[in-house]
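*Asks:* One structure, pasted below without further comment.
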Amino acid sequence: MLSPAVHCNNGRMGRLLLRLLINAVALWLTTLILNPHLTIQPYDKGPVAFILTLLLVAAIFGIVNAIIGGIVRIVALPLYILTLGLISLIVNGLLLLLAAWLSGLGGFGLHVENFGWGVLGALVLGILAWLIGVLLRPFTGVKK
């Protein structure tokens with residue numbers, strides 16, 4: 001029998017892992033669509049290394065987006081209002097470039113050609129992650 005401490009998160013860990021998998025699949029599809037400009041370089045040869053690299057890069061992007069993205073969005077709130085939210089394209093592109101830089105420190109991870117491809121990559125990644133989330137919503141029991 002499981003202890004009560006295991007059940008205290010009410011499925012939050014499951015939702016976190018699901019979001020990680022959704023973002024990893026969306027990242028993989030984004031690199032397929034924008035292939036020569038956004039690429040994933042795995043840490044080793046083989047499909048397992050590629051999948052683990054995707055999961056690691058998705059986790060890095062999620063952490064960067066949650067921590068630094070949250071701070072930037074609060075500080076840049078007047079710019080969001082002034083540009084009617086279009087500044088979010090620039091912010092998300094910069095966050096993707098930061099995640100690519102952080103993942104590249106180990107010699108593997110996401111590689112983005114330049115800032116323009118970072119902005120386009122962030123846009124495609126956001127759309128694909130949203131679409132996959134919408135498609136999986138009936139199976140997860142999450143209602144919105």
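Scheme for the structure tokens: letters A, B, ... for chains in order shown; per-chain residue numbers from 1; ligand numbers from 1 in order shown.
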Where does DSSP see alpha helix (DSSP H) in range 63-131 of chain A, if you list the residues as a ChimeraX atom specification?

*Replies:* /A:63-75,77-82,87-104,115-131

*Asks:* Need the shell around Leu29 in chain A: protein/DNA/RNA residues with any atom at most 12 Å away, counting only C-alpha atoms. Skip same-chain ones fewer than 4 positions apart. Format as a compact mmCIF listing (two decimals) with C-alpha atoms, in the first residue's frame?

*Replies:*
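Listed below is the output, part-v2.txt:
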```
# COMPACT_ATOMS: atom_id res chain seq x y z
CA ILE A 22 4.22 17.23 -25.25
CA ASN A 23 6.98 19.82 -25.43
CA ALA A 24 9.54 17.18 -26.45
CA VAL A 25 7.31 15.97 -29.31
CA ILE A 33 9.82 21.46 -40.07
CA LEU A 34 12.71 23.94 -39.75
CA ASN A 35 15.43 21.32 -40.21
CA LEU A 38 16.88 24.33 -35.99
CA THR A 39 18.52 21.01 -35.22
CA ILE A 40 18.92 18.63 -32.32
CA LEU A 54 14.89 15.84 -26.74
CA GLY A 121 11.06 28.26 -34.09
CA VAL A 124 6.09 26.92 -34.48
CA LEU A 125 6.96 25.22 -31.18
CA GLY A 126 4.19 27.07 -29.37
CA ILE A 127 1.59 26.25 -32.01
CA LEU A 128 2.57 22.57 -32.12
CA ALA A 129 2.63 22.22 -28.32
CA LEU A 131 -2.18 21.59 -30.88
CA ILE A 132 -0.81 18.41 -29.31
```

*Asks:* Could you work out how far CA of Ile90 in chain A lies from CA of Ile51 in chain A, giving the answer in Å with one decimal?

*Replies:*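 So the answer is 28.0 Å.
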
*Asks:* With only C-alpha atoms as the basis for distance, which of A:Leu55, A:Ile67, A:Leu18, A:Leu79 is at the shortest distance from Leu136 in chain A?

*Replies:* A:Leu18

*Asks:* Separation of CA of Gly11 in chain A and CA of Phe61 in chain A, in Å?

*Replies:*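 Between these atoms lies a distance of 22.0 Å.
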
*Asks:* Using only C-alpha atoms, which of the listed residues (A:Leu97, A:Leu110, A:Leu102, A:Ile68) sits closest to Tyr43 in chain A?

*Replies:* A:Leu110

*Asks:* Report as a list of chain:residue names all protein, DNA and RNA residues lying within 10 Å of Gly118 in chain A, evaluated on only C-alpha atoms, omitting residues in the same chain fewer than 2 positions from it.

*Replies:* A:His37, A:Leu38, A:Leu89, A:Ile90, A:Asn92, A:Gly93, A:Leu94, A:Leu95, A:Leu96, A:Leu97, A:Leu98, A:Ala100, A:His111, A:Val112, A:Glu113, A:Asn114, A:Phe115, A:Gly116, A:Leu120, A:Gly121, A:Ala122, A:Leu123, A:Val124

*Asks:* Let me make sure I understand: among A:Gly85, A:Gly106, A:Gly14, A:Gly133, which one has the smallest atom-to-atom distance to Thr53 in chain A if we use only C-alpha atoms?

*Replies:* A:Gly106

*Asks:* Please measure the separation of CA of Ala26 in chain A and CA of Gly70 in chain A, giving the value in Å to one decimal.

*Replies:* 21.0 Å

*Asks:* With only C-alpha atoms as the counted atoms, please give the residues lying no more than 9 Å from Ala99 in chain A, apart from itself and same-chain residues fewer than 5 positions off, as a PyMOL selection string.

*Replies:* chain A and resi 57-58+60-65+94+104+110
